[in-house]
$ cat protein.cif   # mmCIF, C-alpha atoms
data_my_file
#
loop_
_atom_site.label_atom_id
_atom_site.label_comp_id
_atom_site.auth_asym_id
_atom_site.auth_seq_id
_atom_site.Cartn_x
_atom_site.Cartn_y
_atom_site.Cartn_z
CA MET A 1 -29.57 9.55 19.89
CA ALA A 2 -30.52 5.96 20.63
CA SER A 3 -29.53 4.83 17.14
CA ASN A 4 -26.18 6.56 17.48
CA GLU A 5 -25.56 4.83 20.80
CA GLN A 6 -26.36 1.49 19.19
CA GLN A 7 -24.06 2.30 16.28
CA LEU A 8 -21.18 3.12 18.60
CA SER A 9 -21.66 0.15 20.93
CA LEU A 10 -18.73 -1.65 19.33
CA PHE A 11 -16.37 1.08 20.49
CA LYS A 12 -17.71 2.20 23.85
CA GLN A 13 -14.51 1.04 25.49
CA GLY A 14 -12.41 3.03 23.02
CA LEU A 15 -8.82 2.35 22.09
CA ASN A 16 -6.31 2.42 24.93
CA TRP A 17 -2.90 3.68 23.87
CA ALA A 18 0.32 3.51 25.84
CA LEU A 19 1.36 7.02 24.84
CA PRO A 20 -0.95 9.36 26.79
CA SER A 21 1.27 12.41 26.46
CA LEU A 22 1.55 11.93 22.71
CA LEU A 23 -2.14 11.36 22.15
CA SER A 24 -3.70 13.34 24.97
CA ASP A 25 -6.98 15.19 24.45
CA ASN A 26 -6.08 18.86 24.89
CA SER A 27 -9.64 20.18 24.73
CA ALA A 28 -9.90 22.07 27.99
CA PRO A 29 -10.89 25.76 27.90
CA GLY A 30 -7.88 27.91 27.17
CA MET A 31 -6.20 25.21 25.07
CA PRO A 32 -5.88 25.63 21.27
CA LEU A 33 -8.84 24.55 19.17
CA TYR A 34 -6.64 22.63 16.77
CA ASP A 35 -4.08 19.86 17.05
CA ARG A 36 -0.75 21.67 16.92
CA SER A 37 1.41 18.54 17.05
CA PHE A 38 -0.54 17.00 14.17
CA LEU A 39 -0.04 20.12 12.06
CA VAL A 40 3.65 20.31 12.94
CA ALA A 41 4.10 16.68 11.86
CA ILE A 42 2.34 17.30 8.53
CA ILE A 43 4.27 20.50 7.78
CA GLY A 44 7.51 18.85 8.85
CA LEU A 45 6.95 15.90 6.51
CA MET A 46 6.15 18.24 3.61
CA CYS A 47 9.26 20.35 4.23
CA PHE A 48 11.38 17.22 4.52
CA GLY A 49 9.79 15.93 1.33
CA PHE A 50 10.71 19.14 -0.48
CA VAL A 51 14.37 18.74 0.55
CA MET A 52 14.46 15.09 -0.51
CA VAL A 53 12.68 15.73 -3.81
CA MET A 54 15.22 18.43 -4.59
CA SER A 55 18.08 16.08 -3.72
CA ALA A 56 16.70 13.01 -5.52
CA SER A 57 15.41 14.74 -8.67
CA MET A 58 18.43 16.81 -9.73
CA PRO A 59 20.10 14.15 -11.93
CA GLU A 60 16.83 13.22 -13.63
CA ALA A 61 15.89 16.88 -14.14
CA THR A 62 19.29 17.64 -15.66
CA LYS A 63 18.97 14.68 -17.99
CA LEU A 64 15.44 15.53 -19.16
CA THR A 65 15.45 19.33 -19.22
CA GLY A 66 18.99 20.56 -18.60
CA ASP A 67 17.76 22.40 -15.50
CA PRO A 68 18.66 20.56 -12.24
CA PHE A 69 15.97 22.49 -10.35
CA TYR A 70 13.10 21.72 -12.76
CA PHE A 71 11.27 19.33 -10.42
CA MET A 72 12.08 21.48 -7.41
CA TYR A 73 10.33 24.50 -8.96
CA ARG A 74 7.29 22.38 -9.76
CA HIS A 75 7.25 20.97 -6.24
CA VAL A 76 7.23 24.51 -4.85
CA LEU A 77 4.10 25.20 -6.92
CA TYR A 78 2.56 22.01 -5.54
CA LEU A 79 3.25 23.19 -2.00
CA VAL A 80 1.64 26.55 -2.76
CA GLY A 81 -1.35 24.61 -4.03
CA CYS A 82 -1.40 22.74 -0.71
CA VAL A 83 -1.80 26.06 1.13
CA VAL A 84 -4.74 27.02 -1.11
CA ILE A 85 -6.37 23.60 -0.64
CA ALA A 86 -5.87 23.74 3.13
CA PHE A 87 -7.54 27.15 3.29
CA PHE A 88 -10.42 25.91 1.15
CA VAL A 89 -11.05 22.68 3.10
CA LEU A 90 -10.86 24.36 6.50
CA LYS A 91 -13.56 26.84 5.47
CA PHE A 92 -16.26 24.19 5.15
CA ASP A 93 -18.10 22.63 8.06
CA VAL A 94 -17.84 18.86 8.41
CA SER A 95 -21.59 18.67 7.79
CA TYR A 96 -20.97 19.92 4.24
CA TRP A 97 -18.89 16.85 3.44
CA GLU A 98 -21.46 14.52 4.96
CA LYS A 99 -24.38 16.08 3.08
CA ASN A 100 -22.55 16.11 -0.25
CA SER A 101 -20.67 12.81 -0.02
CA GLY A 102 -22.92 11.23 -2.65
CA MET A 103 -22.49 14.10 -5.10
CA LEU A 104 -18.72 14.07 -4.60
CA MET A 105 -18.70 10.35 -5.36
CA LEU A 106 -20.69 10.87 -8.57
CA GLY A 107 -18.37 13.71 -9.60
CA VAL A 108 -15.28 11.53 -9.23
CA LEU A 109 -16.98 8.71 -11.16
CA VAL A 110 -17.56 11.11 -14.04
CA LEU A 111 -13.89 12.14 -13.95
CA LEU A 112 -12.77 8.49 -13.86
CA ILE A 113 -14.82 7.86 -17.01
CA ALA A 114 -13.53 11.03 -18.66
CA VAL A 115 -9.89 10.15 -18.05
CA LEU A 116 -10.30 6.96 -20.12
CA PHE A 117 -11.28 9.04 -23.17
CA ILE A 118 -9.52 12.39 -22.86
CA GLY A 119 -6.84 11.62 -20.30
CA THR A 120 -3.11 12.09 -20.77
CA SER A 121 -1.07 8.92 -21.21
CA VAL A 122 2.30 8.58 -19.45
CA ASN A 123 4.43 5.42 -19.66
CA GLY A 124 1.52 3.50 -21.14
CA ALA A 125 -0.97 4.43 -18.39
CA ARG A 126 -3.87 6.85 -18.98
CA ARG A 127 -4.37 8.27 -15.50
CA TRP A 128 -4.20 12.06 -15.77
CA LEU A 129 -6.57 14.84 -16.78
CA SER A 130 -4.78 17.91 -18.10
CA ILE A 131 -6.19 21.32 -17.17
CA GLY A 132 -3.86 23.84 -18.77
CA PRO A 133 -0.38 23.25 -17.29
CA ILE A 134 -1.84 21.20 -14.39
CA ARG A 135 -2.22 17.43 -14.58
CA ILE A 136 -4.56 15.79 -12.07
CA GLN A 137 -4.46 12.08 -11.28
CA VAL A 138 -8.12 11.30 -10.70
CA ALA A 139 -7.39 7.99 -8.95
CA GLU A 140 -5.78 9.95 -6.10
CA MET A 141 -8.95 12.00 -5.71
CA ALA A 142 -10.94 8.75 -5.68
CA LYS A 143 -9.19 7.56 -2.50
CA PHE A 144 -10.24 10.60 -0.49
CA VAL A 145 -13.74 10.94 -1.92
CA PHE A 146 -14.44 7.22 -1.51
CA ILE A 147 -13.54 7.39 2.20
CA VAL A 148 -15.90 10.36 2.65
CA TYR A 149 -18.65 8.53 0.76
CA MET A 150 -18.16 5.35 2.80
CA ALA A 151 -18.33 7.33 6.04
CA GLY A 152 -21.61 8.93 4.98
CA TYR A 153 -23.06 5.61 3.85
CA LEU A 154 -22.13 3.82 7.07
CA VAL A 155 -23.91 6.50 9.09
CA ARG A 156 -27.05 6.45 6.93
CA ARG A 157 -27.32 2.67 6.50
CA HIS A 158 -25.74 1.32 9.65
CA GLY A 159 -28.78 -0.70 10.73
CA GLU A 160 -29.23 -2.17 7.26
CA LEU A 161 -25.52 -3.05 7.11
CA ARG A 162 -25.62 -5.04 10.33
CA GLU A 163 -28.97 -6.76 9.73
CA ASN A 164 -28.95 -7.96 6.12
CA ARG A 165 -26.69 -8.55 3.17
CA LYS A 166 -28.27 -5.82 1.04
CA GLY A 167 -26.72 -3.09 3.16
CA PHE A 168 -23.34 -4.78 2.79
CA ILE A 169 -23.51 -5.27 -0.97
CA LYS A 170 -24.38 -1.66 -1.85
CA PRO A 171 -20.99 -0.11 -0.92
CA ILE A 172 -19.24 -3.12 -2.46
CA GLY A 173 -21.02 -2.34 -5.71
CA VAL A 174 -19.78 1.26 -5.60
CA TYR A 175 -16.27 0.01 -4.83
CA GLY A 176 -16.50 -2.44 -7.74
CA LEU A 177 -17.40 0.40 -10.12
CA PHE A 178 -14.51 2.53 -8.85
CA ALA A 179 -12.15 -0.45 -9.11
CA LEU A 180 -13.20 -1.29 -12.67
CA LEU A 181 -12.66 2.25 -13.92
CA ILE A 182 -9.31 2.54 -12.17
CA LEU A 183 -8.12 -0.85 -13.46
CA LEU A 184 -8.82 0.32 -17.01
CA GLN A 185 -6.20 3.08 -16.59
CA PRO A 186 -4.53 0.70 -15.32
CA ASP A 187 -3.73 1.31 -11.62
CA LEU A 188 -3.87 -1.78 -9.42
CA GLY A 189 -2.17 -0.02 -6.49
CA THR A 190 -5.05 2.41 -5.98
CA VAL A 191 -7.57 -0.43 -6.24
CA VAL A 192 -5.75 -2.28 -3.45
CA VAL A 193 -5.74 0.86 -1.25
CA LEU A 194 -9.48 1.35 -1.80
CA PHE A 195 -10.12 -2.30 -0.99
CA VAL A 196 -8.21 -2.12 2.30
CA CYS A 197 -10.05 1.07 3.30
CA THR A 198 -13.41 -0.48 2.36
CA VAL A 199 -12.78 -3.68 4.30
CA SER A 200 -11.49 -1.78 7.33
CA LEU A 201 -14.44 0.63 7.50
CA LEU A 202 -17.00 -2.14 7.05
CA PHE A 203 -15.34 -4.05 9.88
CA LEU A 204 -15.36 -0.98 12.13
CA ALA A 205 -19.04 -0.42 11.32
CA GLY A 206 -19.87 -3.91 12.59
CA ALA A 207 -20.57 -5.78 9.33
CA ARG A 208 -21.53 -9.40 9.75
CA ILE A 209 -18.52 -11.71 9.96
CA ILE A 210 -19.72 -14.03 7.22
CA ASP A 211 -20.09 -11.13 4.77
CA PHE A 212 -16.78 -9.68 5.88
CA MET A 213 -14.88 -12.94 5.37
CA ALA A 214 -16.54 -13.51 1.99
CA LEU A 215 -15.42 -10.06 0.86
CA ILE A 216 -11.82 -10.70 1.91
CA LEU A 217 -11.80 -14.07 0.12
CA LEU A 218 -13.24 -12.49 -3.02
CA GLY A 219 -10.67 -9.70 -2.87
CA VAL A 220 -7.75 -12.10 -2.57
CA ILE A 221 -8.99 -14.27 -5.45
CA THR A 222 -9.55 -11.22 -7.64
CA PHE A 223 -6.07 -9.88 -6.89
CA VAL A 224 -4.46 -13.22 -7.76
CA LEU A 225 -6.38 -13.42 -11.04
CA LEU A 226 -5.45 -9.84 -11.96
CA VAL A 227 -1.80 -10.70 -11.42
CA LEU A 228 -1.92 -14.02 -13.26
CA PHE A 229 -3.63 -12.66 -16.37
CA GLU A 230 -1.50 -9.52 -16.79
CA PRO A 231 2.12 -10.31 -17.80
CA TYR A 232 3.68 -7.10 -16.47
CA ARG A 233 2.08 -7.61 -13.06
CA MET A 234 3.30 -11.21 -13.00
CA ARG A 235 6.82 -10.01 -13.77
CA ARG A 236 6.62 -7.58 -10.84
CA VAL A 237 5.61 -10.35 -8.45
CA THR A 238 8.26 -12.81 -9.63
CA SER A 239 11.00 -10.15 -9.68
CA PHE A 240 10.22 -9.04 -6.13
CA MET A 241 10.54 -12.66 -4.94
CA ASP A 242 14.05 -12.97 -6.40
CA PRO A 243 15.28 -9.69 -7.95
CA TRP A 244 18.85 -10.96 -8.31
CA GLU A 245 17.75 -13.62 -10.79
CA ASP A 246 17.46 -10.88 -13.43
CA PRO A 247 19.26 -7.83 -11.94
CA PHE A 248 19.46 -6.00 -15.27
CA GLY A 249 15.92 -6.79 -16.39
CA SER A 250 12.75 -7.28 -14.35
CA GLY A 251 14.67 -7.02 -11.05
CA TYR A 252 16.67 -3.93 -11.96
CA GLN A 253 14.67 -1.33 -10.03
CA LEU A 254 14.55 -3.37 -6.83
CA THR A 255 18.22 -4.36 -6.91
CA GLN A 256 19.24 -0.72 -7.31
CA SER A 257 16.96 0.20 -4.40
CA LEU A 258 18.52 -2.47 -2.20
CA MET A 259 21.99 -1.20 -3.11
CA ALA A 260 20.91 2.27 -1.96
CA TYR A 261 19.85 0.92 1.43
CA GLY A 262 23.07 -1.04 1.70
CA ARG A 263 25.19 2.05 1.10
CA GLY A 264 23.21 4.03 3.66
CA ASP A 265 24.29 1.90 6.63
CA TRP A 266 23.43 3.50 10.01
CA PHE A 267 23.88 7.22 9.35
CA GLY A 268 23.91 7.46 5.56
CA GLN A 269 26.26 9.00 3.03
CA GLY A 270 25.07 12.54 3.77
CA LEU A 271 22.35 14.67 2.24
CA GLY A 272 22.85 14.95 -1.52
CA ASN A 273 25.50 12.21 -1.68
CA SER A 274 23.38 9.40 -3.10
CA ILE A 275 24.93 7.53 -6.01
CA GLN A 276 21.90 5.46 -6.94
CA LYS A 277 19.92 8.57 -7.90
CA LEU A 278 22.51 9.31 -10.59
CA ALA A 279 20.45 7.60 -13.32
CA TYR A 280 20.79 4.17 -11.68
CA LEU A 281 17.56 4.05 -9.66
CA PRO A 282 14.43 4.77 -11.76
CA GLU A 283 11.71 6.92 -10.15
CA ALA A 284 14.14 8.06 -7.47
CA HIS A 285 12.11 11.17 -6.63
CA THR A 286 8.67 9.51 -6.77
CA ASP A 287 7.97 5.87 -5.93
CA PHE A 288 11.47 5.04 -4.69
CA ILE A 289 12.33 8.21 -2.81
CA PHE A 290 12.51 6.22 0.42
CA ALA A 291 15.53 4.34 -0.94
CA VAL A 292 17.30 7.66 -1.52
CA ILE A 293 16.42 8.68 2.03
CA GLY A 294 17.95 5.43 3.24
CA GLU A 295 21.14 5.97 1.25
CA GLU A 296 21.64 9.60 2.24
CA LEU A 297 20.37 9.55 5.84
CA GLY A 298 20.83 5.90 6.77
CA PHE A 299 18.86 3.67 9.09
CA VAL A 300 18.44 6.46 11.64
CA GLY A 301 16.94 8.75 9.01
CA ILE A 302 14.39 6.26 7.73
CA ILE A 303 13.32 5.38 11.28
CA MET A 304 12.67 9.07 12.00
CA VAL A 305 10.58 9.40 8.83
CA LEU A 306 8.59 6.27 9.66
CA LEU A 307 7.96 7.52 13.19
CA ALA A 308 6.60 10.81 11.83
CA LEU A 309 4.28 9.01 9.40
CA PHE A 310 3.22 6.61 12.16
CA PHE A 311 2.45 9.60 14.38
CA VAL A 312 0.16 11.10 11.72
CA ALA A 313 -1.66 7.80 11.22
CA ILE A 314 -2.12 7.10 14.92
CA ARG A 315 -3.29 10.68 15.55
CA ALA A 316 -5.97 10.18 12.89
CA ILE A 317 -7.07 6.89 14.45
CA ARG A 318 -7.07 8.46 17.92
CA LEU A 319 -9.24 11.29 16.59
CA GLY A 320 -11.68 8.72 15.25
CA ASN A 321 -11.87 7.14 18.70
CA LEU A 322 -12.55 10.50 20.37
CA CYS A 323 -15.30 11.30 17.88
CA LEU A 324 -16.93 7.94 18.54
CA LYS A 325 -17.06 8.72 22.24
CA MET A 326 -18.81 12.00 21.42
CA GLN A 327 -21.46 10.35 19.22
CA ARG A 328 -19.98 11.70 15.96
CA PRO A 329 -19.98 8.62 13.71
CA PHE A 330 -19.35 10.34 10.36
CA GLU A 331 -16.30 12.17 11.68
CA SER A 332 -14.98 9.01 13.30
CA TYR A 333 -15.25 6.93 10.12
CA VAL A 334 -13.50 9.64 8.09
CA ALA A 335 -10.68 9.85 10.64
CA TYR A 336 -10.28 6.08 10.76
CA GLY A 337 -10.34 5.86 6.97
CA VAL A 338 -7.66 8.53 6.50
CA GLY A 339 -5.48 6.98 9.22
CA ILE A 340 -5.71 3.54 7.62
CA TRP A 341 -5.02 5.04 4.18
CA VAL A 342 -1.85 6.86 5.30
CA CYS A 343 -0.60 3.82 7.22
CA PHE A 344 -1.28 1.27 4.48
CA GLN A 345 0.11 3.39 1.65
CA THR A 346 3.28 3.99 3.67
CA VAL A 347 3.64 0.26 4.30
CA VAL A 348 3.19 -0.57 0.61
CA ASN A 349 5.62 2.11 -0.61
CA VAL A 350 8.32 1.19 1.90
CA GLY A 351 7.67 -2.53 1.51
CA ALA A 352 8.11 -2.29 -2.27
CA SER A 353 11.37 -0.37 -2.00
CA ILE A 354 12.90 -2.88 0.44
CA GLY A 355 11.72 -5.96 -1.47
CA MET A 356 9.04 -7.10 0.98
CA LEU A 357 6.11 -6.35 -1.37
CA PRO A 358 5.67 -6.14 -5.16
CA THR A 359 6.01 -2.71 -6.71
CA LYS A 360 2.63 -0.97 -6.81
CA GLY A 361 3.47 2.57 -7.92
CA LEU A 362 2.16 4.22 -4.74
CA THR A 363 3.75 7.41 -3.47
CA LEU A 364 5.18 7.94 0.01
CA PRO A 365 2.61 10.20 1.73
CA PHE A 366 3.60 13.90 1.96
CA ILE A 367 7.15 13.19 0.73
CA SER A 368 7.18 11.81 -2.83
CA TYR A 369 7.12 14.16 -5.81
CA GLY A 370 3.69 14.49 -7.37
CA GLY A 371 1.06 17.21 -7.19
CA SER A 372 -2.06 15.02 -7.17
CA SER A 373 -0.90 12.86 -4.26
CA LEU A 374 0.29 15.85 -2.25
CA TRP A 375 -2.88 17.86 -2.85
CA VAL A 376 -5.28 15.03 -2.04
CA MET A 377 -3.36 14.07 1.11
CA THR A 378 -3.46 17.72 2.16
CA ALA A 379 -7.23 17.85 1.68
CA ALA A 380 -7.62 14.66 3.73
CA VAL A 381 -5.56 15.77 6.71
CA MET A 382 -7.05 19.28 6.67
CA LEU A 383 -10.50 17.71 6.92
CA LEU A 384 -9.21 15.92 10.02
CA VAL A 385 -8.02 19.26 11.42
CA ARG A 386 -11.50 20.68 10.79
CA ILE A 387 -13.09 17.65 12.48
CA ASP A 388 -10.85 18.05 15.50
CA TYR A 389 -11.56 21.79 15.62
CA GLU A 390 -15.33 21.25 15.73
CA ARG A 391 -14.93 18.51 18.33
CA ARG A 392 -12.82 20.70 20.61
CA LEU A 393 -15.12 23.68 20.09
CA SER A 394 -18.15 21.66 21.15
CA LEU A 395 -16.33 20.57 24.31
CA VAL A 396 -15.41 24.17 25.18
CA GLN A 397 -18.97 25.34 24.54
CA ALA A 398 -20.31 22.53 26.73
CA VAL A 399 -18.00 23.55 29.59
CA GLN A 400 -18.92 27.22 29.19
CA GLY A 401 -22.62 26.29 29.20
CA ARG A 402 -22.25 24.44 32.50
CA THR A 403 -20.36 27.30 34.15
CA SER A 404 -22.62 30.11 32.94
#
$ encode --input "protein.cif" --output "structure tokens"
Amino acid sequence: MASNEQQLSLFKQGLNWALPSLLSDNSAPGMPLYDRSFLVAIIGLMCFGFVMVMSASMPEATKLTGDPFYFMYRHVLYLVGCVVIAFFVLKFDVSYWEKNSGMLMLGVLVLLIAVLFIGTSVNGARRWLSIGPIRIQVAEMAKFVFIVYMAGYLVRRHGELRENRKGFIKPIGVYGLFALLILLQPDLGTVVVLFVCTVSLLFLAGARIIDFMALILLGVITFVLLVLFEPYRMRRVTSFMDPWEDPFGSGYQLTQSLMAYGRGDWFGQGLGNSIQKLAYLPEAHTDFIFAVIGEELGFVGIIMVLLALFFVAIRAIRLGNLCLKMQRPFESYVAYGVGIWVCFQTVVNVGASIGMLPTKGLTLPFISYGGSSLWVMTAAVMLLVRIDYERRLSLVQAVQGRTS
């Protein structure tokens, strides 16, 4: 217990939020043992995503297959898979994930190696493993599993992390191995997400400032070099800085996205009335679905979507804070990691579609078309529901023990 108290000393004061009703701790006896508002937000985002995928994908589906509902049918199957995954994840105690975090990490490493040899190539990138009719993007699994692994490591090696450089370098070595395998696919976007999650969790765990700053500097230098020595990445950076310089070449995707936002105005053109999705905007139902949302639902629509995603992220971070107060470090690191992941990936996806960041090929959480992203995000947030359930249950049992 003493070591846990030392580990949590950085956060004894907690995080004070200005929205007590939104983030209140409903753990009293008689209250539900799960976060209903969190679940409603997740289900609402998935249902909204289904509607927008159906709207944005019809022209592309008609062009490719002749069936305007092709992607919609597949998305329904992905949502059914989400229900199965949710049931599966909720069945396991949180202790299972902590005990097996190392094995999960090794399993994903094996899959990342396998995808380089037997993976399916799409648009020049070898990122998918095909299992019958199902294609799994292993890099998406890596995000979730790496957060679980980092949480377990920070609990086991917290003293070593704060006292010497060896404890800091070990998780960086694991990250470097993940990053190398993912870059060979290639997938720089996932590497950046993993880096942000790694840096954030190490900071929360109390890593030494000198090690922390050195890691950030190394990450920035590495990112710059990766961009400079890969022509297609360099084109993405230069086109995002001035897409109108080559609107029919390297800047085509971004200019079409900006046109979609411009047409959306305040209240949009109406659901289904996007013009840019009619073979003008590439990846309208995946990476650039937010632009279609902006065109059809306008500024008001995109603000509502961002608020819902912000709610999910801040709920996860709040859960991490509550777990820290209850001396549950593993659960808190997982919750913080998932919250940072959802928030950062949303920022990158939206930032790329509005021209504030280079295109990274990251999906919009819970909304974009894609089974791997949707399934992995479902597993992540269902683990948070399980964490919150066990936390609330322990509080109820503690109250009942005092009154009995």
$ residues_near_point --input "protein.cif" --point "(-13.0, 15.4, 8.7)" --cutoff "9 Å" --atoms "all atoms listed in the file" --output "tab-separated table (two decimals) with C-alpha atoms, in the frame of the given file"
chain	number	residue	atom	x	y	z
A	93	ASP	CA	-18.10	22.63	8.06
A	94	VAL	CA	-17.84	18.86	8.41
A	97	TRP	CA	-18.89	16.85	3.44
A	148	VAL	CA	-15.90	10.36	2.65
A	330	PHE	CA	-19.35	10.34	10.36
A	331	GLU	CA	-16.30	12.17	11.68
A	332	SER	CA	-14.98	9.01	13.30
A	333	TYR	CA	-15.25	6.93	10.12
A	334	VAL	CA	-13.50	9.64	8.09
A	335	ALA	CA	-10.68	9.85	10.64
A	338	VAL	CA	-7.66	8.53	6.50
A	380	ALA	CA	-7.62	14.66	3.73
A	381	VAL	CA	-5.56	15.77	6.71
A	382	MET	CA	-7.05	19.28	6.67
A	383	LEU	CA	-10.50	17.71	6.92
A	384	LEU	CA	-9.21	15.92	10.02
A	385	VAL	CA	-8.02	19.26	11.42
A	386	ARG	CA	-11.50	20.68	10.79
A	387	ILE	CA	-13.09	17.65	12.48
A	388	ASP	CA	-10.85	18.05	15.50
$ resolve_selection --input "protein.cif" --expression "the PyMOL selection byres ((chain A and resi 281) around 12)" --output "PyMOL selection string"
chain A and resi 56-57+59-60+248+251-261+274-280+282-292+295+353
$ closest_residue --input "protein.cif" --among "A:Val89, A:His158, A:Gly264, A:Gln185" --to "A:Val122" --atoms "all atoms listed in the file"
A:Gln185
$ closest_residue --input "protein.cif" --among "A:Ile43, A:Met58, A:Ala114, A:Leu357" --to "A:Asp242" --atoms "all atoms listed in the file"
A:Leu357
$ resolve_selection --input "protein.cif" --expression "the PyMOL selection byres ((chain A and resi 104) around 12)" --output "list in words"
Tyr96, Trp97, Glu98, Lys99, Asn100, Ser101, Gly102, Met103, Met105, Leu106, Gly107, Val108, Leu109, Val110, Leu111, Met141, Ala142, Lys143, Phe144, Val145, Phe146, Ile147, Val148, Tyr149, Met150 and Gly152 of chain A
$ write_last_selection --input "protein.cif" --atoms "C-alpha atoms" --output "PDB file, in the frame of the given file"
ATOM      1  CA  TYR A  96     -20.970  19.920   4.240  1.00  0.00           C
ATOM      2  CA  TRP A  97     -18.890  16.850   3.440  1.00  0.00           C
ATOM      3  CA  GLU A  98     -21.460  14.520   4.960  1.00  0.00           C
ATOM      4  CA  LYS A  99     -24.380  16.080   3.080  1.00  0.00           C
ATOM      5  CA  ASN A 100     -22.550  16.110  -0.250  1.00  0.00           C
ATOM      6  CA  SER A 101     -20.670  12.810  -0.020  1.00  0.00           C
ATOM      7  CA  GLY A 102     -22.920  11.230  -2.650  1.00  0.00           C
ATOM      8  CA  MET A 103     -22.490  14.100  -5.100  1.00  0.00           C
ATOM      9  CA  MET A 105     -18.700  10.350  -5.360  1.00  0.00           C
ATOM     10  CA  LEU A 106     -20.690  10.870  -8.570  1.00  0.00           C
ATOM     11  CA  GLY A 107     -18.370  13.710  -9.600  1.00  0.00           C
ATOM     12  CA  VAL A 108     -15.280  11.530  -9.230  1.00  0.00           C
ATOM     13  CA  LEU A 109     -16.980   8.710 -11.160  1.00  0.00           C
ATOM     14  CA  VAL A 110     -17.560  11.110 -14.040  1.00  0.00           C
ATOM     15  CA  LEU A 111     -13.890  12.140 -13.950  1.00  0.00           C
ATOM     16  CA  MET A 141      -8.950  12.000  -5.710  1.00  0.00           C
ATOM     17  CA  ALA A 142     -10.940   8.750  -5.680  1.00  0.00           C
ATOM     18  CA  LYS A 143      -9.190   7.560  -2.500  1.00  0.00           C
ATOM     19  CA  PHE A 144     -10.240  10.600  -0.490  1.00  0.00           C
ATOM     20  CA  VAL A 145     -13.740  10.940  -1.920  1.00  0.00           C
ATOM     21  CA  PHE A 146     -14.440   7.220  -1.510  1.00  0.00           C
ATOM     22  CA  ILE A 147     -13.540   7.390   2.200  1.00  0.00           C
ATOM     23  CA  VAL A 148     -15.900  10.360   2.650  1.00  0.00           C
ATOM     24  CA  TYR A 149     -18.650   8.530   0.760  1.00  0.00           C
ATOM     25  CA  MET A 150     -18.160   5.350   2.800  1.00  0.00           C
ATOM     26  CA  GLY A 152     -21.610   8.930   4.980  1.00  0.00           C
TER      27      GLY A 152
END
$ closest_residue --input "protein.cif" --among "A:Gly49, A:Pro171, A:Gly81, A:Gly298" --to "A:Tyr369" --atoms "all atoms listed in the file"
A:Gly49
$ closest_residue --input "protein.cif" --among "A:Thr222, A:Ser55, A:Ser95, A:Ser130" --to "A:Leu183" --atoms "all atoms listed in the file"
A:Thr222
$ closest_residue --input "protein.cif" --among "A:Thr359, A:Trp244, A:Phe50, A:Val40" --to "A:Leu77" --atoms "all atoms listed in the file"
A:Phe50
$ atom_distance --input "protein.cif" --atom1 "atom CA of A:Ser373" --atom2 "atom CA of A:Glu140"
6.0 Å
$ closest_residue --input "protein.cif" --among "A:Leu322, A:Ile216, A:Gly371, A:Val174" --to "A:Pro133" --atoms "all atoms listed in the file"
A:Gly371
$ atom_distance --input "protein.cif" --atom1 "atom CA of A:Ile367" --atom2 "atom CA of A:Phe48"
7.0 Å
